[in-house]
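A.B. asks: So I've got this file, protein-v5.cif, and it contains mmCIF, C-alpha atoms:
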data_upload
loop_
_atom_site.group_PDB
_atom_site.id
_atom_site.type_symbol
_atom_site.label_atom_id
_atom_site.label_comp_id
_atom_site.auth_asym_id
_atom_site.auth_seq_id
_atom_site.Cartn_x
_atom_site.Cartn_y
_atom_site.Cartn_z
ATOM 1 C CA MET A 186 -2.048 0.948 -35.731
ATOM 2 C CA THR A 187 -1.314 4.646 -36.176
ATOM 3 C CA GLU A 188 1.131 5.844 -38.787
ATOM 4 C CA LYS A 189 3.119 8.839 -39.999
ATOM 5 C CA THR A 190 5.051 8.182 -43.185
ATOM 6 C CA ASN A 191 7.514 9.745 -45.688
ATOM 7 C CA VAL A 192 10.835 8.028 -45.179
ATOM 8 C CA GLU A 193 14.118 9.850 -45.709
ATOM 9 C CA ASN A 194 17.216 7.951 -44.657
ATOM 10 C CA THR A 195 15.962 6.844 -41.232
ATOM 11 C CA LEU A 196 15.015 3.519 -39.743
ATOM 12 C CA PRO A 197 11.260 3.024 -39.399
ATOM 13 C CA LEU A 198 10.112 3.727 -35.849
ATOM 14 C CA LEU A 199 7.817 1.227 -34.119
ATOM 15 C CA PHE A 200 6.286 2.398 -30.818
ATOM 16 C CA VAL A 201 5.079 0.074 -28.017
ATOM 17 C CA HIS A 202 2.840 1.502 -25.282
ATOM 18 C CA GLY A 203 2.646 0.528 -21.618
ATOM 19 C CA SER A 204 -0.051 -0.829 -19.317
ATOM 20 C CA PHE A 205 -3.421 0.948 -19.184
ATOM 21 C CA ALA A 206 -2.549 2.738 -22.452
ATOM 22 C CA ASN A 207 -2.860 2.317 -26.218
ATOM 23 C CA ALA A 208 -1.234 3.251 -29.516
ATOM 24 C CA ASN A 209 -2.530 6.821 -29.253
ATOM 25 C CA SER A 210 -0.242 7.380 -26.266
ATOM 26 C CA TRP A 211 2.478 8.190 -28.795
ATOM 27 C CA ARG A 212 0.484 10.738 -30.790
ATOM 28 C CA LYS A 213 2.083 13.824 -29.226
ATOM 29 C CA ILE A 214 5.620 12.551 -29.771
ATOM 30 C CA ILE A 215 4.887 11.500 -33.342
ATOM 31 C CA ASP A 216 3.423 14.934 -34.054
ATOM 32 C CA CYS A 217 6.675 16.510 -32.806
ATOM 33 C CA LEU A 218 8.890 14.474 -35.135
ATOM 34 C CA PRO A 219 9.884 15.750 -38.600
ATOM 35 C CA ASP A 220 7.943 14.318 -41.518
ATOM 36 C CA HIS A 221 10.849 12.175 -42.741
ATOM 37 C CA PHE A 222 10.426 9.883 -39.722
ATOM 38 C CA ASP A 223 8.337 6.831 -40.578
ATOM 39 C CA CYS A 224 6.341 6.206 -37.405
ATOM 40 C CA HIS A 225 4.104 3.268 -36.499
ATOM 41 C CA SER A 226 2.457 2.336 -33.196
ATOM 42 C CA VAL A 227 0.565 -0.769 -32.141
ATOM 43 C CA ASN A 228 -2.035 -1.805 -29.591
ATOM 44 C CA LEU A 229 -0.969 -4.622 -27.284
ATOM 45 C CA PRO A 230 -3.318 -7.463 -26.211
ATOM 46 C CA GLY A 231 -6.258 -6.197 -24.174
ATOM 47 C CA HIS A 232 -5.590 -2.565 -25.089
ATOM 48 C CA GLY A 233 -6.959 -0.213 -27.714
ATOM 49 C CA GLY A 234 -9.670 -2.620 -28.783
ATOM 50 C CA MET A 235 -7.378 -5.637 -29.141
ATOM 51 C CA ALA A 236 -8.534 -8.981 -27.752
ATOM 52 C CA ASP A 237 -6.967 -10.253 -24.554
ATOM 53 C CA SER A 238 -4.150 -12.761 -24.821
ATOM 54 C CA ASP A 239 -4.999 -16.369 -24.025
ATOM 55 C CA ASP A 240 -2.071 -17.017 -21.686
ATOM 56 C CA PHE A 241 -3.132 -15.503 -18.356
ATOM 57 C CA ASP A 242 -2.332 -18.747 -16.531
ATOM 58 C CA SER A 243 1.212 -18.872 -17.890
ATOM 59 C CA PRO A 244 2.158 -15.583 -19.579
ATOM 60 C CA THR A 245 4.817 -15.247 -22.253
ATOM 61 C CA PHE A 246 5.785 -12.390 -24.557
ATOM 62 C CA LYS A 247 4.585 -14.339 -27.603
ATOM 63 C CA PRO A 248 1.242 -12.475 -27.978
ATOM 64 C CA GLU A 249 3.098 -9.150 -27.934
ATOM 65 C CA PHE A 250 5.773 -10.402 -30.321
ATOM 66 C CA ASP A 251 3.087 -11.681 -32.719
ATOM 67 C CA ILE A 252 1.505 -8.216 -32.824
ATOM 68 C CA LEU A 253 4.858 -6.565 -33.492
ATOM 69 C CA LYS A 254 5.702 -9.054 -36.228
ATOM 70 C CA SER A 255 2.300 -8.511 -37.840
ATOM 71 C CA ALA A 256 2.850 -4.747 -37.765
ATOM 72 C CA LEU A 257 6.243 -5.199 -39.384
ATOM 73 C CA GLU A 258 4.613 -6.862 -42.389
ATOM 74 C CA ASN A 259 2.899 -3.557 -43.202
ATOM 75 C CA ILE A 260 5.905 -1.290 -42.658
ATOM 76 C CA PRO A 261 7.991 -0.468 -45.750
ATOM 77 C CA ASN A 262 11.765 -0.095 -45.878
ATOM 78 C CA THR A 263 12.614 -2.471 -43.037
ATOM 79 C CA GLU A 264 15.409 -4.204 -44.930
ATOM 80 C CA HIS A 265 17.949 -2.351 -42.756
ATOM 81 C CA GLY A 266 16.020 -2.987 -39.550
ATOM 82 C CA ILE A 267 13.850 -0.869 -37.271
ATOM 83 C CA HIS A 268 14.115 1.484 -34.325
ATOM 84 C CA LEU A 269 11.940 -0.035 -31.585
ATOM 85 C CA ILE A 270 10.646 2.319 -28.894
ATOM 86 C CA GLY A 271 8.827 1.340 -25.709
ATOM 87 C CA HIS A 272 7.386 3.008 -22.632
ATOM 88 C CA SER A 273 6.987 1.361 -19.221
ATOM 89 C CA TYR A 274 5.697 -2.197 -19.855
ATOM 90 C CA GLY A 275 6.148 -1.518 -23.562
ATOM 91 C CA GLY A 276 9.811 -0.943 -22.797
ATOM 92 C CA VAL A 277 9.980 -4.382 -21.200
ATOM 93 C CA VAL A 278 8.384 -5.886 -24.323
ATOM 94 C CA ALA A 279 10.822 -4.021 -26.576
ATOM 95 C CA LEU A 280 13.843 -5.083 -24.538
ATOM 96 C CA ALA A 281 12.671 -8.699 -24.537
ATOM 97 C CA ALA A 282 12.160 -8.590 -28.312
ATOM 98 C CA ALA A 283 15.717 -7.353 -28.740
ATOM 99 C CA MET A 284 17.261 -9.975 -26.449
ATOM 100 C CA ASP A 285 15.235 -12.743 -28.100
ATOM 101 C CA ASN A 286 16.050 -11.534 -31.626
ATOM 102 C CA ALA A 287 12.315 -11.567 -32.301
ATOM 103 C CA LEU A 288 12.523 -8.591 -34.689
ATOM 104 C CA PRO A 289 15.208 -6.952 -36.878
ATOM 105 C CA ILE A 290 15.962 -4.290 -34.269
ATOM 106 C CA LYS A 291 18.908 -1.997 -34.997
ATOM 107 C CA LYS A 292 18.217 0.601 -32.307
ATOM 108 C CA LEU A 293 16.272 0.556 -29.055
ATOM 109 C CA THR A 294 14.855 3.481 -27.062
ATOM 110 C CA LEU A 295 13.225 2.757 -23.716
ATOM 111 C CA PHE A 296 11.241 5.285 -21.690
ATOM 112 C CA GLU A 297 11.429 3.995 -18.103
ATOM 113 C CA PRO A 298 11.116 0.264 -18.804
ATOM 114 C CA VAL A 299 9.631 -1.355 -15.690
ATOM 115 C CA ASP A 300 11.819 -4.444 -16.028
ATOM 116 C CA VAL A 301 11.679 -5.338 -12.337
ATOM 117 C CA ALA A 302 13.479 -8.622 -12.994
ATOM 118 C CA VAL A 303 16.652 -6.600 -13.595
ATOM 119 C CA LEU A 304 16.727 -5.701 -9.910
ATOM 120 C CA ASN A 305 16.893 -9.376 -9.000
ATOM 121 C CA VAL A 306 19.428 -10.275 -11.699
ATOM 122 C CA PHE A 307 21.802 -7.537 -10.533
ATOM 123 C CA SER A 308 21.053 -7.932 -6.789
ATOM 124 C CA GLN A 309 19.481 -4.532 -6.152
ATOM 125 C CA THR A 310 18.005 -5.733 -2.861
ATOM 126 C CA ASN A 311 16.903 -2.401 -1.387
ATOM 127 C CA THR A 312 14.981 -1.443 -4.508
ATOM 128 C CA LEU A 313 13.450 -4.909 -4.725
ATOM 129 C CA ASN A 314 12.104 -4.450 -1.211
ATOM 130 C CA ILE A 315 10.319 -1.277 -2.296
ATOM 131 C CA ILE A 316 8.691 -3.176 -5.151
ATOM 132 C CA ARG A 317 7.681 -6.020 -2.834
ATOM 133 C CA GLY A 318 6.045 -3.566 -0.465
ATOM 134 C CA PHE A 319 4.067 -2.032 -3.305
ATOM 135 C CA ARG A 320 3.068 -5.438 -4.683
ATOM 136 C CA ASP A 321 1.709 -6.427 -1.255
ATOM 137 C CA GLU A 322 -0.459 -3.307 -1.209
ATOM 138 C CA TYR A 323 -1.616 -3.861 -4.797
ATOM 139 C CA ASN A 324 -2.421 -7.519 -4.139
ATOM 140 C CA GLN A 325 -4.447 -6.591 -1.070
ATOM 141 C CA ALA A 326 -6.541 -4.228 -3.191
ATOM 142 C CA LEU A 327 -7.024 -6.949 -5.778
ATOM 143 C CA ALA A 328 -7.984 -9.481 -3.114
ATOM 144 C CA ILE A 329 -10.913 -7.355 -1.972
ATOM 145 C CA SER A 330 -11.920 -6.635 -5.602
ATOM 146 C CA ASP A 331 -11.175 -2.936 -5.262
ATOM 147 C CA ALA A 332 -12.449 -1.482 -8.547
ATOM 148 C CA LEU A 333 -9.773 1.203 -8.378
ATOM 149 C CA ALA A 334 -6.840 -1.101 -7.654
ATOM 150 C CA CYS A 335 -5.272 0.120 -10.888
ATOM 151 C CA SER A 336 -4.947 3.600 -9.357
ATOM 152 C CA LYS A 337 -2.234 2.214 -7.075
ATOM 153 C CA VAL A 338 -0.109 1.267 -10.076
ATOM 154 C CA ILE A 339 -0.572 4.636 -11.757
ATOM 155 C CA ASP A 340 0.263 6.526 -8.571
ATOM 156 C CA PHE A 341 3.250 4.304 -7.764
ATOM 157 C CA TRP A 342 4.999 4.989 -11.063
ATOM 158 C CA GLY A 343 3.623 8.468 -11.761
ATOM 159 C CA GLY A 344 3.438 9.903 -8.251
ATOM 160 C CA ALA A 345 0.564 10.557 -5.857
ATOM 161 C CA GLY A 346 -2.437 12.096 -7.594
ATOM 162 C CA SER A 347 -1.537 10.815 -11.058
ATOM 163 C CA PHE A 348 -4.669 8.680 -11.318
ATOM 164 C CA ASP A 349 -6.939 11.461 -10.067
ATOM 165 C CA ALA A 350 -5.528 13.743 -12.776
ATOM 166 C CA VAL A 351 -6.754 11.388 -15.501
ATOM 167 C CA PRO A 352 -10.193 12.175 -17.037
ATOM 168 C CA ALA A 353 -13.007 10.063 -15.592
ATOM 169 C CA HIS A 354 -13.740 8.195 -18.820
ATOM 170 C CA ILE A 355 -10.102 7.131 -19.080
ATOM 171 C CA GLN A 356 -10.088 6.038 -15.443
ATOM 172 C CA THR A 357 -13.076 3.819 -16.207
ATOM 173 C CA ALA A 358 -11.283 2.326 -19.213
ATOM 174 C CA MET A 359 -8.212 1.646 -17.091
ATOM 175 C CA THR A 360 -10.183 -0.412 -14.591
ATOM 176 C CA THR A 361 -11.094 -2.865 -17.352
ATOM 177 C CA MET A 362 -7.425 -3.467 -18.120
ATOM 178 C CA THR A 363 -6.371 -4.423 -14.589
ATOM 179 C CA LYS A 364 -6.251 -8.151 -15.359
ATOM 180 C CA ASN A 365 -3.852 -7.386 -18.217
ATOM 181 C CA ASN A 366 -1.679 -5.370 -15.862
ATOM 182 C CA ILE A 367 -1.491 -8.340 -13.489
ATOM 183 C CA ARG A 368 -0.232 -10.400 -16.424
ATOM 184 C CA HIS A 369 2.302 -7.672 -17.198
ATOM 185 C CA TRP A 370 3.655 -7.790 -13.654
ATOM 186 C CA VAL A 371 4.343 -11.500 -14.052
ATOM 187 C CA LEU A 372 6.302 -10.866 -17.246
ATOM 188 C CA CYS A 373 8.164 -7.941 -15.689
ATOM 189 C CA THR A 374 9.277 -9.923 -12.656
ATOM 190 C CA GLU A 375 9.704 -13.509 -13.875
ATOM 191 C CA ASN A 376 11.424 -13.351 -17.261
ATOM 192 C CA GLY A 377 14.067 -15.956 -16.383
ATOM 193 C CA ARG A 378 17.002 -13.987 -17.787
ATOM 194 C CA GLU A 379 20.546 -13.999 -16.479
ATOM 195 C CA ILE A 380 23.336 -11.421 -16.478
ATOM 196 C CA GLU A 381 24.722 -12.668 -19.783
ATOM 197 C CA HIS A 382 21.465 -11.959 -21.611
ATOM 198 C CA TYR A 383 21.806 -8.276 -20.793
ATOM 199 C CA LYS A 384 25.546 -7.989 -21.277
ATOM 200 C CA ASN A 385 25.349 -9.630 -24.723
ATOM 201 C CA LEU A 386 22.856 -7.106 -26.134
ATOM 202 C CA ASP A 387 25.151 -5.106 -28.395
ATOM 203 C CA ILE A 388 22.747 -2.860 -30.327
ATOM 204 C CA PRO A 389 22.525 0.843 -29.353
ATOM 205 C CA VAL A 390 20.091 1.298 -26.462
ATOM 206 C CA THR A 391 18.896 4.631 -25.088
ATOM 207 C CA PHE A 392 17.195 4.901 -21.691
ATOM 208 C CA ILE A 393 15.100 7.931 -20.787
ATOM 209 C CA ASN A 394 13.949 8.880 -17.304
ATOM 210 C CA GLY A 395 12.229 11.861 -15.761
ATOM 211 C CA SER A 396 13.939 13.845 -13.012
ATOM 212 C CA ARG A 397 10.783 13.514 -10.862
ATOM 213 C CA SER A 398 10.283 9.826 -11.566
ATOM 214 C CA HIS A 399 10.114 7.138 -8.892
ATOM 215 C CA ASP A 400 13.523 6.009 -7.635
ATOM 216 C CA VAL A 401 12.631 2.448 -8.626
ATOM 217 C CA ALA A 402 12.217 3.456 -12.278
ATOM 218 C CA LYS A 403 15.505 5.337 -12.144
ATOM 219 C CA LYS A 404 17.296 2.379 -10.566
ATOM 220 C CA ILE A 405 16.033 -0.018 -13.246
ATOM 221 C CA SER A 406 17.249 2.255 -16.042
ATOM 222 C CA SER A 407 20.599 3.015 -14.418
ATOM 223 C CA THR A 408 21.207 -0.670 -13.674
ATOM 224 C CA LEU A 409 20.504 -1.581 -17.274
ATOM 225 C CA ASN A 410 22.602 1.308 -18.563
ATOM 226 C CA ASN A 411 25.524 0.224 -16.397
ATOM 227 C CA ASN A 412 25.384 -3.360 -17.644
ATOM 228 C CA LEU A 413 24.565 -3.125 -21.345
ATOM 229 C CA PRO A 414 27.591 -2.759 -23.637
ATOM 230 C CA ASN A 415 26.232 -0.015 -25.923
ATOM 231 C CA SER A 416 23.808 2.216 -24.045
ATOM 232 C CA ASN A 417 23.261 5.743 -22.781
ATOM 233 C CA LEU A 418 20.878 7.398 -20.338
ATOM 234 C CA TYR A 419 18.987 10.698 -20.635
ATOM 235 C CA LEU A 420 17.163 12.552 -17.886
ATOM 236 C CA ILE A 421 14.296 14.898 -18.793
ATOM 237 C CA ASP A 422 14.062 17.752 -16.327
ATOM 238 C CA ASN A 423 10.827 18.069 -14.332
ATOM 239 C CA ALA A 424 9.292 14.992 -15.996
ATOM 240 C CA SER A 425 7.936 11.855 -14.380
ATOM 241 C CA HIS A 426 6.881 8.405 -15.599
ATOM 242 C CA PHE A 427 4.280 9.662 -18.060
ATOM 243 C CA MET A 428 6.726 11.941 -19.856
ATOM 244 C CA ILE A 429 5.714 10.682 -23.299
ATOM 245 C CA THR A 430 2.592 12.823 -23.032
ATOM 246 C CA SER A 431 3.672 15.562 -20.605
ATOM 247 C CA HIS A 432 7.075 16.219 -22.228
ATOM 248 C CA ALA A 433 6.523 15.040 -25.783
ATOM 249 C CA GLU A 434 8.762 17.656 -27.382
ATOM 250 C CA ASP A 435 11.725 16.738 -25.136
ATOM 251 C CA CYS A 436 11.126 13.051 -25.878
ATOM 252 C CA ALA A 437 11.004 13.685 -29.620
ATOM 253 C CA LYS A 438 14.301 15.593 -29.506
ATOM 254 C CA ILE A 439 16.033 12.628 -27.911
ATOM 255 C CA LEU A 440 14.609 10.265 -30.542
ATOM 256 C CA GLN A 441 16.279 12.411 -33.199
ATOM 257 C CA THR A 442 19.780 12.088 -31.678
#
Could you write out this file's structure as C-alpha cells?

C.D. replies:
Amino acid sequence: MTEKTNVENTLPLLFVHGSFANANSWRKIIDCLPDHFDCHSVNLPGHGGMADSDDFDSPTFKPEFDILKSALENIPNTEHGIHLIGHSYGGVVALAAAMDNALPIKKLTLFEPVDVAVLNVFSQTNTLNIIRGFRDEYNQALAISDALACSKVIDFWGGAGSFDAVPAHIQTAMTTMTKNNIRHWVLCTENGREIEHYKNLDIPVTFINGSRSHDVAKKISSTLNNNLPNSNLYLIDNASHFMITSHAEDCAKILQT
C-alpha cells in the first residue's frame, strides 16, 4: 500500500486500480495533489505481488472488499468516512463497495468504471452488442492460449496500439494477470443488480471520462450518471482510458473539486 499523509480537513482518499495494474498506477495523481490530502492505494488480488483470490470458479467481490477493509484499519481519521476512488475495474469494485455498504464511503470518484452490467440493467442493447463482439474475439484468443490475449483488452479500452506502447517488461507482467482479468469480466457483467440498487445510491459520485475514450466506456459512465441521484460527469480533453497516468494533473484537479 502506498501512502501520502498530512491530513487537513479532508476525507482520506483510498485508490483502487484496474486490471493489469497495481497500486503504483496512482503515483502520478497522488504526486499532483496538495500535501493535506491523505492518500492511500492498495493492490488487488493477483496484482502488485498480492496472492490470487481463491474464487475463480465463482467470483465475488469479497476478496477485494477484504483488502479494502484491511487497508482501512491502517488509515487514520476515518471517523467521518472516506473518499473512494477507482479506475476501470477498480471503479467497478468501488461502486460495488458503495452499493453494498461495505465501507464508510462518503464520496465516490470513478474513472471510466467498466461496469458492463449497467448496460444490461438499463437496456443499452446497441452498446451491449459491441461488448459481446469484443468478448467473442477475446474468448477466441484465450481458447487458443494466445499469450498476448491481454493485449486485446488493453487495446479495446485504450485504443489501437495501447498495448504496444507499454514497455516490454510491463507487457510480460500483464500476461501473467490474464486469468485475473477473466475473473474481473465475470464480476463486471454478472453482478446481479437491479435498477433500484443504482437509483438508491445517494452519496456524491463523480464520473470521469476521456474525450478520446471508447464509446462503450462513455456510455457506461453516462448511463450511470443519468440514473444515480447525486452524480456528475467530467470529460478530460484529449484523454483516453488510461488518463490516470497520461493526464494525472487534470485528474488531480477534479479530485480537488

A.B. asks: State, in Å with one decimal place, the distance from atom CA of A:Arg320 to atom CA of A:Glu297.

C.D. replies: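 Those two atoms sit 18.4 Å apart.
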
A.B. asks: May I ask for the distance between atom CA of A:Leu304 and atom CA of A:Leu413, given in Å to one decimal place?

C.D. replies: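 Separation of atom CA of A:Leu304 and atom CA of A:Leu413: 14.1 Å.
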
A.B. asks: Of the candidates A:Met359, A:Ala281, A:Ala353, A:Ala424, which shows the shortest atom-to-atom distance to A:Leu372, using all atoms listed in the file?

C.D. replies: A:Ala281

A.B. asks: I need the output of the PyMOL selection byres ((chain A and resi 432) around 12) for this file as number ranges by chain; which residues are they?

C.D. replies: A: 211, 213-214, 217, 296, 393-396, 420-431, 433-439

A.B. asks: Could you work out how far atom CA of A:Ile267 lies from atom CA of A:Lys291, giving the answer in Å with one decimal?

C.D. replies: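 Between these atoms lies a distance of 5.7 Å.
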
A.B. asks: I need the output of the PyMOL selection byres ((chain A and resi 226) around 10) for this file as a list of chain:residue names; which residues are they?

C.D. replies: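 After applying the PyMOL selection byres ((chain A and resi 226) around 10), what remains is A:Met186, A:Thr187, A:Glu188, A:Lys189, A:Leu198, A:Leu199, A:Phe200, A:Val201, A:His202, A:Asn207, A:Ala208, A:Asn209, A:Ser210, A:Trp211, A:Arg212, A:Ile215, A:Cys224, A:His225, A:Val227, A:Asn228, A:Leu229, A:Leu253, A:Ala256, A:Leu269, A:Ile270, A:Gly271.
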
A.B. asks: Please write as a list in words the full residue list that the PyMOL selection byres ((chain A and resi 264) around 12) yields on this file.

C.D. replies: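 Taken on the displayed file, the PyMOL selection byres ((chain A and resi 264) around 12) yields the residues Thr195, Leu196, Pro197, Leu257, Glu258, Ile260, Pro261, Asn262, Thr263, His265, Gly266, Ile267, Leu288, Pro289, Ile290 and Lys291 of chain A.
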
A.B. asks: For the selection you just gave me, I'd like the residues written to a file as a compact mmCIF listing (two decimals), in the frame of the given file, keeping C-alpha atoms.

C.D. replies:
# COMPACT_ATOMS: atom_id res chain seq x y z
CA THR A 195 15.96 6.84 -41.23
CA LEU A 196 15.02 3.52 -39.74
CA PRO A 197 11.26 3.02 -39.40
CA LEU A 257 6.24 -5.20 -39.38
CA GLU A 258 4.61 -6.86 -42.39
CA ILE A 260 5.90 -1.29 -42.66
CA PRO A 261 7.99 -0.47 -45.75
CA ASN A 262 11.76 -0.10 -45.88
CA THR A 263 12.61 -2.47 -43.04
CA HIS A 265 17.95 -2.35 -42.76
CA GLY A 266 16.02 -2.99 -39.55
CA ILE A 267 13.85 -0.87 -37.27
CA LEU A 288 12.52 -8.59 -34.69
CA PRO A 289 15.21 -6.95 -36.88
CA ILE A 290 15.96 -4.29 -34.27
CA LYS A 291 18.91 -2.00 -35.00

A.B. asks: So which residues touch A:Ser243 within 10 Å, counting all atoms listed in the file, skipping near sequence neighbours fewer than 2 positions away, as a PyMOL selection string?

C.D. replies: chain A and resi 239-241+245+368+371-372

A.B. asks: Find the residue from A:Lys384, A:Lys254, A:His354, A:His369 that sits nearest to A:Tyr274; use all atoms listed in the file when measuring.

C.D. replies: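 So, comparing all the options, the nearest one is A:His369.
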